[in-house]
Every structure is written in C-alpha cells, then in structure tokens.
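Shown next: query-v7.csv, containing CSV, C-alpha atoms.
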```
chain,number,residue,atom,x,y,z
A,1,GLU,CA,13.7,-8.5,-3.5
A,2,VAL,CA,12.0,-7.7,-0.1
A,3,PRO,CA,13.5,-4.7,1.6
A,4,LYS,CA,14.7,-5.3,5.2
A,5,PHE,CA,12.0,-4.8,7.7
A,6,GLU,CA,11.1,-5.2,11.4
A,7,VAL,CA,7.7,-5.4,13.1
A,8,ILE,CA,6.6,-3.6,16.3
A,9,ASP,CA,4.0,-6.1,17.2
A,10,THR,CA,0.6,-5.3,18.7
A,11,SER,CA,1.7,-5.9,22.3
A,12,PHE,CA,3.2,-2.5,22.4
A,13,TYR,CA,0.0,-0.8,21.2
A,14,GLU,CA,-2.1,-2.9,23.6
A,15,ALA,CA,0.1,-1.9,26.5
A,16,LEU,CA,-0.3,1.8,25.6
A,17,ASP,CA,-4.0,1.4,25.1
A,18,GLY,CA,-4.4,-0.4,28.4
A,19,SER,CA,-2.5,2.4,30.3
A,20,GLY,CA,-5.0,5.0,29.0
A,21,PHE,CA,-2.3,6.5,26.8
A,22,PHE,CA,-4.7,7.1,23.9
A,23,ASN,CA,-7.4,8.9,26.0
A,24,ASP,CA,-6.1,12.3,24.9
A,25,VAL,CA,-4.9,11.3,21.5
A,26,ASP,CA,-6.2,14.4,19.8
A,27,SER,CA,-4.0,16.6,21.8
A,28,TRP,CA,-0.7,14.7,21.8
A,29,SER,CA,-0.9,13.7,18.1
A,30,ASN,CA,-1.2,17.3,16.9
A,31,THR,CA,1.7,18.8,18.9
A,32,ASP,CA,5.4,18.4,19.0
A,33,TYR,CA,6.7,15.2,20.6
A,34,ALA,CA,6.3,15.7,24.3
A,35,VAL,CA,5.0,12.4,25.7
A,36,GLN,CA,6.6,9.8,27.9
A,37,ILE,CA,6.5,6.3,26.4
A,38,PRO,CA,7.1,3.0,28.3
A,39,PRO,CA,10.7,1.8,28.5
A,40,THR,CA,9.9,-1.4,26.6
A,41,LEU,CA,8.8,0.6,23.5
A,42,SER,CA,11.7,3.0,23.9
A,43,SER,CA,14.1,0.0,24.0
A,44,LYS,CA,12.4,-1.5,20.9
A,45,LEU,CA,12.8,1.7,19.0
A,46,GLU,CA,16.5,2.0,19.9
A,47,GLU,CA,17.1,-1.5,18.7
A,48,ILE,CA,15.4,-0.8,15.4
A,49,LEU,CA,17.4,2.4,15.1
A,50,ALA,CA,20.6,0.5,15.4
A,51,ASN,CA,19.5,-2.1,12.8
A,52,PHE,CA,18.7,0.6,10.2
A,53,LYS,CA,21.7,2.9,10.9
A,54,GLY,CA,22.4,5.0,7.9
A,55,LYS,CA,19.3,4.0,6.0
A,56,GLY,CA,16.0,5.7,5.1
A,57,ILE,CA,12.9,4.0,6.5
A,58,ALA,CA,9.2,3.7,5.9
A,59,VAL,CA,7.1,3.5,9.1
A,60,ARG,CA,4.0,1.6,7.9
A,61,SER,CA,0.7,0.7,9.5
A,62,SER,CA,-0.5,-2.8,9.9
A,63,ALA,CA,-4.0,-2.7,11.5
A,64,VAL,CA,-5.1,-6.1,12.5
A,65,VAL,CA,-8.9,-5.9,12.1
A,66,SER,CA,-9.5,-3.4,9.2
A,67,GLU,CA,-6.3,-3.4,7.1
A,68,ASP,CA,-4.3,-6.6,6.9
A,69,TYR,CA,-7.1,-9.1,7.3
A,70,GLU,CA,-8.8,-11.7,5.1
A,71,LYS,CA,-12.2,-9.8,4.9
A,72,HIS,CA,-11.2,-6.1,5.1
A,73,SER,CA,-8.4,-4.1,3.5
A,74,GLY,CA,-8.5,-0.5,4.7
A,75,ALA,CA,-5.3,0.4,2.8
A,76,GLY,CA,-4.8,4.1,2.7
A,77,PHE,CA,-7.0,4.8,5.8
A,78,TYR,CA,-4.0,4.7,8.2
A,79,ASP,CA,-0.8,6.8,8.1
A,80,SER,CA,2.6,5.9,6.7
A,81,VAL,CA,5.6,8.0,7.5
A,82,PHE,CA,8.7,8.2,5.3
A,83,LEU,CA,12.1,9.3,6.8
A,84,ASP,CA,15.2,9.8,4.7
A,85,ALA,CA,18.5,8.6,6.2
A,86,GLU,CA,19.5,12.0,7.4
A,87,GLN,CA,16.1,12.4,9.2
A,88,VAL,CA,16.2,9.2,11.1
A,89,ASN,CA,16.9,9.5,14.9
A,90,LEU,CA,15.1,8.3,18.0
A,91,GLU,CA,12.8,11.3,18.3
A,92,SER,CA,11.7,11.2,14.6
A,93,LEU,CA,11.2,7.4,14.8
A,94,THR,CA,9.1,7.7,18.0
A,95,LYS,CA,7.0,10.5,16.5
A,96,ALA,CA,6.4,8.4,13.3
A,97,VAL,CA,5.3,5.4,15.3
A,98,LEU,CA,3.0,7.5,17.5
A,99,GLN,CA,1.6,9.1,14.3
A,100,VAL,CA,0.7,5.7,12.9
A,101,TYR,CA,-0.9,4.8,16.2
A,102,ALA,CA,-2.8,8.1,16.2
A,103,SER,CA,-4.2,7.4,12.8
A,104,VAL,CA,-6.4,4.6,14.3
A,105,PHE,CA,-8.5,7.4,15.8
A,106,SER,CA,-8.7,9.6,12.6
A,107,PRO,CA,-12.2,10.4,11.4
A,108,LYS,CA,-11.8,8.6,8.1
A,109,ALA,CA,-10.5,5.4,9.9
A,110,ARG,CA,-13.4,5.5,12.4
A,111,GLU,CA,-15.9,6.0,9.6
A,112,TYR,CA,-14.5,3.0,7.6
A,113,ARG,CA,-14.7,0.7,10.6
A,114,GLU,CA,-18.2,1.9,11.5
A,115,LEU,CA,-19.4,1.3,7.9
A,116,ASN,CA,-18.0,-2.2,8.0
A,117,GLY,CA,-19.3,-3.0,11.5
A,118,LEU,CA,-15.9,-3.5,12.9
A,119,SER,CA,-14.8,-3.4,16.5
A,120,GLU,CA,-12.0,-1.3,18.0
A,121,GLU,CA,-8.7,-1.6,16.2
A,122,THR,CA,-5.3,-3.0,17.3
A,123,MET,CA,-2.2,-1.6,15.5
A,124,ALA,CA,1.1,-3.2,14.6
A,125,VAL,CA,3.8,-1.1,12.9
A,126,VAL,CA,6.2,-2.2,10.2
A,127,VAL,CA,9.5,-0.4,9.9
A,128,GLN,CA,11.0,-1.1,6.4
A,129,GLU,CA,14.1,0.1,4.6
A,130,LEU,CA,13.4,2.7,1.9
A,131,VAL,CA,14.4,1.8,-1.6
A,132,SER,CA,14.7,3.9,-4.7
A,133,GLY,CA,12.4,3.9,-7.6
A,134,SER,CA,8.7,4.3,-8.4
A,135,ASN,CA,6.1,3.0,-6.0
A,136,GLY,CA,2.8,1.4,-6.9
A,137,VAL,CA,0.0,-1.1,-6.3
A,138,ALA,CA,-0.9,-4.1,-8.4
A,139,LYS,CA,-3.9,-6.4,-8.0
A,140,SER,CA,-4.2,-10.0,-9.3
A,141,ARG,CA,-7.6,-9.0,-10.7
A,142,LEU,CA,-10.2,-6.2,-10.4
A,143,GLU,CA,-12.5,-6.8,-7.5
A,144,ALA,CA,-15.6,-6.8,-9.7
A,145,VAL,CA,-14.2,-8.2,-12.9
A,146,LYS,CA,-12.0,-11.2,-13.3
A,147,GLY,CA,-9.5,-11.5,-16.1
A,148,ILE,CA,-8.3,-7.9,-15.8
A,149,PHE,CA,-5.0,-7.1,-14.0
A,150,PRO,CA,-4.7,-3.5,-12.9
A,151,VAL,CA,-1.4,-1.8,-12.0
A,152,SER,CA,-0.8,1.8,-10.8
A,153,TRP,CA,2.5,3.5,-10.1
A,154,SER,CA,4.0,7.0,-9.4
A,155,ASP,CA,7.4,8.5,-9.1
A,156,GLN,CA,6.1,10.2,-5.9
A,157,ARG,CA,6.5,8.1,-2.7
A,158,GLY,CA,3.1,6.9,-1.3
A,159,ALA,CA,1.1,8.7,-4.0
A,160,VAL,CA,-0.9,5.6,-5.2
A,161,VAL,CA,-2.0,4.4,-1.8
A,162,GLY,CA,-2.4,7.8,-0.1
A,163,GLY,CA,-4.5,9.4,-2.8
A,164,SER,CA,-2.0,12.2,-3.6
A,165,LYS,CA,-2.6,14.5,-6.5
A,166,ALA,CA,0.8,13.5,-7.9
A,167,LYS,CA,1.0,12.0,-11.4
A,168,VAL,CA,-0.2,8.4,-11.2
A,169,HIS,CA,-0.1,6.0,-14.2
A,170,THR,CA,-2.6,3.1,-14.3
A,171,ILE,CA,-2.8,0.4,-16.9
A,172,TYR,CA,-5.3,-2.5,-17.1
A,173,PHE,CA,-3.9,-5.7,-18.7
A,174,ASN,CA,-5.9,-8.7,-20.0
A,175,SER,CA,-4.6,-11.5,-17.8
A,176,GLN,CA,-6.2,-14.1,-20.1
A,177,ASN,CA,-4.3,-12.9,-23.2
A,178,ARG,CA,-0.6,-12.6,-22.3
A,179,TYR,CA,-1.3,-9.3,-20.5
A,180,GLU,CA,-2.4,-7.3,-23.5
A,181,GLU,CA,-3.1,-3.7,-22.7
A,182,ILE,CA,-6.8,-3.0,-22.5
A,183,PHE,CA,-7.0,0.5,-21.1
A,184,VAL,CA,-4.6,3.2,-20.0
A,185,SER,CA,-5.6,5.9,-17.4
A,186,ASP,CA,-2.6,8.2,-17.4
A,187,THR,CA,-1.9,11.7,-16.1
A,188,ALA,CA,1.4,12.0,-18.1
A,189,ASP,CA,1.9,14.8,-20.6
A,190,ILE,CA,2.3,13.9,-24.2
A,191,GLY,CA,5.9,13.9,-25.3
A,192,GLU,CA,9.1,12.5,-23.8
A,193,GLU,CA,7.3,11.4,-20.6
A,194,GLU,CA,4.7,9.4,-22.6
A,195,ILE,CA,7.6,7.5,-24.2
A,196,THR,CA,9.1,6.8,-20.8
A,197,VAL,CA,5.7,5.5,-19.4
A,198,LYS,CA,5.3,3.2,-22.4
A,199,GLY,CA,8.7,1.7,-21.6
A,200,GLN,CA,7.7,1.3,-18.0
A,201,SER,CA,4.4,-0.3,-18.9
A,202,LYS,CA,6.3,-2.8,-21.1
A,203,PHE,CA,8.4,-3.8,-18.0
A,204,MET,CA,5.2,-4.1,-15.9
A,205,ARG,CA,3.7,-6.5,-18.5
A,206,GLU,CA,6.8,-8.6,-19.0
A,207,LYS,CA,8.2,-8.7,-15.5
A,208,LEU,CA,5.7,-7.6,-12.8
A,209,ALA,CA,2.6,-9.3,-14.1
A,210,PRO,CA,4.2,-12.8,-14.2
A,211,LEU,CA,5.5,-12.2,-10.7
A,212,ILE,CA,2.1,-11.3,-9.4
A,213,GLU,CA,0.7,-14.5,-11.0
A,214,GLU,CA,3.4,-16.6,-9.2
A,215,LEU,CA,2.5,-14.9,-5.9
A,216,LYS,CA,-1.2,-15.6,-6.4
A,217,LYS,CA,-0.3,-19.3,-7.0
A,218,ARG,CA,1.9,-19.4,-3.9
A,219,TYR,CA,-0.7,-18.0,-1.6
A,220,GLY,CA,-3.7,-19.7,-3.3
A,221,LYS,CA,-5.8,-16.6,-3.3
A,222,GLU,CA,-6.3,-13.2,-5.1
A,223,ILE,CA,-3.8,-10.6,-3.8
A,224,ASP,CA,-3.1,-6.9,-3.5
A,225,VAL,CA,0.6,-6.0,-3.8
A,226,GLU,CA,2.5,-2.9,-2.9
A,227,PHE,CA,5.8,-2.6,-4.8
A,228,ALA,CA,8.7,-0.4,-5.8
A,229,ILE,CA,10.5,-0.6,-9.1
A,230,ASP,CA,13.9,0.8,-10.0
A,231,PHE,CA,13.4,0.9,-13.8
A,232,ASP,CA,17.1,1.8,-14.5
A,233,LYS,CA,18.3,-1.3,-12.7
A,234,GLU,CA,15.2,-3.3,-13.7
A,235,LYS,CA,14.7,-4.4,-10.1
A,236,ILE,CA,11.4,-5.1,-8.4
A,237,TYR,CA,11.0,-4.7,-4.6
A,238,LEU,CA,8.0,-6.3,-2.9
A,239,LEU,CA,6.9,-4.1,0.0
A,240,GLN,CA,3.6,-5.7,1.1
A,241,VAL,CA,1.3,-8.5,0.1
A,242,ARG,CA,-2.3,-8.8,1.4
A,243,PRO,CA,-5.4,-10.7,0.4
A,244,LEU,CA,-7.7,-9.0,-2.1
A,245,VAL,CA,-11.1,-8.5,-0.6
A,246,ASN,CA,-14.6,-7.5,-1.8
A,247,ILE,CA,-14.5,-9.8,-4.8
A,248,THR,CA,-18.0,-9.8,-6.3
A,249,ASP,CA,-17.9,-10.6,-10.1
A,250,LYS,CA,-20.8,-8.3,-10.8
A,251,VAL,CA,-23.1,-9.1,-13.7
A,252,VAL,CA,-23.7,-6.1,-15.9
A,253,GLU,CA,-27.1,-6.0,-17.7
A,254,PHE,CA,-27.5,-3.7,-20.7
A,255,PRO,CA,-30.9,-2.2,-21.8
A,256,ASP,CA,-32.7,-3.7,-24.8
A,257,LYS,CA,-31.9,-0.8,-27.1
A,258,GLU,CA,-29.7,-0.2,-30.2
A,259,PRO,CA,-26.2,0.6,-29.0
A,260,ILE,CA,-24.6,3.9,-29.9
A,261,LEU,CA,-21.1,2.4,-29.7
A,262,ILE,CA,-19.7,-1.1,-29.7
A,263,ALA,CA,-16.2,-1.7,-28.1
A,264,ARG,CA,-14.0,-4.4,-29.4
A,265,ILE,CA,-12.8,-5.2,-25.9
A,266,CYS,CA,-14.9,-4.4,-22.8
```
Serialized structure, structure tokens:
Amino acid sequence: EVPKFEVIDTSFYEALDGSGFFNDVDSWSNTDYAVQIPPTLSSKLEEILANFKGKGIAVRSSAVVSEDYEKHSGAGFYDSVFLDAEQVNLESLTKAVLQVYASVFSPKAREYRELNGLSEETMAVVVQELVSGSNGVAKSRLEAVKGIFPVSWSDQRGAVVGGSKAKVHTIYFNSQNRYEEIFVSDTADIGEEEITVKGQSKFMREKLAPLIEELKKRYGKEIDVEFAIDFDKEKIYLLQVRPLVNITDKVVEFPDKEPILIARIC
C-alpha cells in the first residue's frame, strides 16, 4: 500500500524565494513561528489540514536538484518532520513546512551540494499519512557491488534515513540465490529480541525482496526504496521510491600474498 499523500509543489518555494523570504533564514528557522506567509501557501496548508483530519502526518522533503533526481540522491541531508494526530494543526503544519524549507540552507546540505558541483536548490514538500510499524530503506543492489540486496529497518521513526543512534537492523541478501542471507549487521541484544529480528528478516526475504525486484522491473532501473512494515499485520507500505545513484561496480584487487582467511561467500 502507498499511504495517502499530497505535494506542496515547488511553485510555493519559488514564490517565497523570489520575495526574499529566505534572506534571513537563520533567524526565523531557529525561533518560534512568527512569520507571515503568502495567502496562497496558507490556503494550501488549510486544504491539506482538512484532507488529513484526525491523522498523523510526515512532512517530507523532496529537493529537486540534489535529492529526488536521476544523478544525485541527498537522502538524509534535508529535514523530515513527524506529527502525531493530536499534534496536527495549522501552526504545527506551517512550522514543519518552513523547517523543511530551512533545511535547504543547513551547513550539511550546502556542503553536499558544493561537493557535487550543484546549483542552488528548489524544494517541494510531500505531506504523507503516518502509518504504524517499523521504518526502513531497501536498495535493489549495493552501489558498488551487484548481486547484493541490502535492507535496513528500525522501530524508531526516521532512524535509518536520519542517522539516529536508535537500534537499526541491516541484512544483506544474495539476490542471485533466492535472497540467501550473506551478512547481518545488527544492534539487537541476544535473546528474545534476536528471535524477533530473525522472524522479521524472514519476512523481508520472502515478501519485501520480491516486491523490490518487481519495482525495479517496473521502473527499468536500480532503485532506493523507503518503506514501513507492520509485522503483526504482515503489511508493507511504500513511502518513497527514487533512482539509485552512484553505481560503480568497483573492481577489488587483492595483493599477491598467502591469505590469512578465505571466506566462503564474499
């Protein structure tokens, strides 16, 4: 399933940018909401508010040049804001959208664009219904190695993309051999949680991996997918699909020496 969503297109950002609204971004983005926004944006937010009445929402970035683009995927460099149903009102939604806009000017986002020789950014915002379950990211392959399908997930909202210190489980599957587990990088404690994670990884292998393969065929390219999974209901939610970039297929050369260790699968 794809949770209900609406897009605040780039025209609203461009109108604000053209009016000089972002000239003092450092001051208004770090204070309580106290700015006047154009009536057109205010009306758009009121419309969205009515359409998501009684629901929690995720206010997500969609930067045109450096995030959702064929050549660059700056996922994690821009802000996402999560509001539970009881937190959603016109003021909180407005503040969330402005926070996403302000993240265009954050030091890490500026540095990412400079390193990649990118021009100034234009930001759209996606408002999407929050769904229950674990959140994660799957790629149809590793950027540098084909045939390996990585998937990471966490019980904490936004932890995988945002680089949180919350527990994140990552499993690498062999996509050329019925998604056999190759390697597990897991922060889970040994015990009951380990058993739970093993059950979850089985679901990833049997249900999520084939779905990613179907999406790859549909779009005709390697992809990077954000998802949520309700393991109790065995339901997968697709939150966002973008092209996978920086694919290199690096050739690894080993020195001409006797090996200390030989791995069965590498």
| request: Do a neighbour search on stretch 239-252 of chain A at 6 Å with only C-alpha atoms, toss out local chain neighbours closer than 3 positions, and write the hits as a list in words. | output: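 My reading of the contact set: Glu70, Lys71, Glu143, Ala144, Val145, Glu222, Ile223, Asp224, Val225, Glu226 and Phe227 of chain A.
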| said: Quick one: residues within 12 Å of A:Ala96, all atoms listed in the file, excluding same-chain residues fewer than 2 positions away - as a PyMOL selection string? | reply: chain A and resi 29+32-33+45+57-61+79-83+87-94+98-103+125-127
| field | Selection: 10 Å around A:Val131, all atoms listed in the file, excl. self and same-chain fewer than 6 positions, as a PyMOL selection string | value | chain A and resi 2-4+55-58+228-230+237+239
Print the selection's residues with C-alpha atoms to a file, as a PDB file, in the coordinates of the input.
```
ATOM      1  CA  VAL A   2      12.000  -7.700  -0.100  1.00  0.00           C
ATOM      2  CA  PRO A   3      13.500  -4.700   1.600  1.00  0.00           C
ATOM      3  CA  LYS A   4      14.700  -5.300   5.200  1.00  0.00           C
ATOM      4  CA  LYS A  55      19.300   4.000   6.000  1.00  0.00           C
ATOM      5  CA  GLY A  56      16.000   5.700   5.100  1.00  0.00           C
ATOM      6  CA  ILE A  57      12.900   4.000   6.500  1.00  0.00           C
ATOM      7  CA  ALA A  58       9.200   3.700   5.900  1.00  0.00           C
ATOM      8  CA  ALA A 228       8.700  -0.400  -5.800  1.00  0.00           C
ATOM      9  CA  ILE A 229      10.500  -0.600  -9.100  1.00  0.00           C
ATOM     10  CA  ASP A 230      13.900   0.800 -10.000  1.00  0.00           C
ATOM     11  CA  TYR A 237      11.000  -4.700  -4.600  1.00  0.00           C
ATOM     12  CA  LEU A 239       6.900  -4.100   0.000  1.00  0.00           C
TER      13      LEU A 239
END
```
| Interatomic distance, atom CA of A:Thr122 to atom CA of A:Val64 (Å, one decimal) |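 Atom CA of A:Val64 lies at a distance of 5.7 Å from atom CA of A:Thr122.
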| request: Select, from A:Phe22, A:Ser66, A:Arg110, A:Ser132, the residue with the minimum atom-to-atom distance to A:Lys233, counting all atoms listed in the file. | output: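 Smallest separation from A:Lys233 among the options: A:Ser132.
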| Smallest atom-to-atom distance to A:Ser62: which of A:Pro38, A:Pro255, A:Gly133, A:Gly76, using only C-alpha atoms? |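 Using only C-alpha atoms, the shortest distance to A:Ser62 belongs to A:Gly76.
Candidate residues A:Glu47, A:Glu214, A:Glu234, A:Glu120 were compared for distance to A:Val7, and the nearest is A:Glu47, using only C-alpha atoms.
Atom CA of A:Phe231 is positioned 14.5 Å from atom CA of A:Ser152.
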| Any idea what the distance is between atom CA of A:Tyr13 and atom CA of A:Ser43? |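 So the answer is 14.4 Å.
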| task | Give as a list in words the set of residues within 10 Å of the point (-2.0, 3.2, -13.4), where distances use the file's coordinates and only C-alpha atoms. | result | Gly136, Val137, Ala138, Pro150, Val151, Ser152, Trp153, Ser154, Val160, Lys167, Val168, His169, Thr170, Ile171, Tyr172, Phe183, Val184, Ser185, Asp186, Thr187 and Ser201 of chain A
Restricting it to C-alpha atoms, dump the selection as a short mmCIF file (atom, residue, chain, number, x, y, z; two decimals), keeping the file's coordinate frame.
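File written: part_32.cif
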```
data_model
loop_
_atom_site.label_atom_id
_atom_site.label_comp_id
_atom_site.auth_asym_id
_atom_site.auth_seq_id
_atom_site.Cartn_x
_atom_site.Cartn_y
_atom_site.Cartn_z
CA GLY A 136 2.80 1.40 -6.90
CA VAL A 137 0.00 -1.10 -6.30
CA ALA A 138 -0.90 -4.10 -8.40
CA PRO A 150 -4.70 -3.50 -12.90
CA VAL A 151 -1.40 -1.80 -12.00
CA SER A 152 -0.80 1.80 -10.80
CA TRP A 153 2.50 3.50 -10.10
CA SER A 154 4.00 7.00 -9.40
CA VAL A 160 -0.90 5.60 -5.20
CA LYS A 167 1.00 12.00 -11.40
CA VAL A 168 -0.20 8.40 -11.20
CA HIS A 169 -0.10 6.00 -14.20
CA THR A 170 -2.60 3.10 -14.30
CA ILE A 171 -2.80 0.40 -16.90
CA TYR A 172 -5.30 -2.50 -17.10
CA PHE A 183 -7.00 0.50 -21.10
CA VAL A 184 -4.60 3.20 -20.00
CA SER A 185 -5.60 5.90 -17.40
CA ASP A 186 -2.60 8.20 -17.40
CA THR A 187 -1.90 11.70 -16.10
CA SER A 201 4.40 -0.30 -18.90
#
```
With a distance cut-off of 7 Å and only C-alpha atoms, select the neighbouring residues of stretch 173-176 of chain A, excluding the residue or stretch itself and same-chain residues fewer than 3 positions from it, and output the selection as a PDB file with C-alpha atoms, keeping the file's coordinate frame.
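Below is the file out_24.pdb, written as the result:
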```
ATOM      1  CA  GLY A 147      -9.500 -11.500 -16.100  1.00  0.00           C
ATOM      2  CA  ILE A 148      -8.300  -7.900 -15.800  1.00  0.00           C
ATOM      3  CA  PHE A 149      -5.000  -7.100 -14.000  1.00  0.00           C
ATOM      4  CA  PRO A 150      -4.700  -3.500 -12.900  1.00  0.00           C
ATOM      5  CA  TYR A 179      -1.300  -9.300 -20.500  1.00  0.00           C
ATOM      6  CA  GLU A 180      -2.400  -7.300 -23.500  1.00  0.00           C
ATOM      7  CA  GLU A 181      -3.100  -3.700 -22.700  1.00  0.00           C
ATOM      8  CA  ILE A 182      -6.800  -3.000 -22.500  1.00  0.00           C
TER       9      ILE A 182
END
```
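Here the question is which of A:Gly199, A:Phe77, A:Gln128, A:Ala209 gets nearest to A:Asn177 using only C-alpha atoms, and that residue is A:Ala209.
Using all atoms listed in the file, the nearest neighbour of A:Phe203 within the list A:Ala85, A:Leu215, A:Ala159, A:Ile236 is A:Ile236.
Proximity to A:Gly220 was assessed for A:Asn23, A:Ser140, A:Gln200, A:Ser11 counting all atoms listed in the file; the smallest distance is recorded for A:Ser140.
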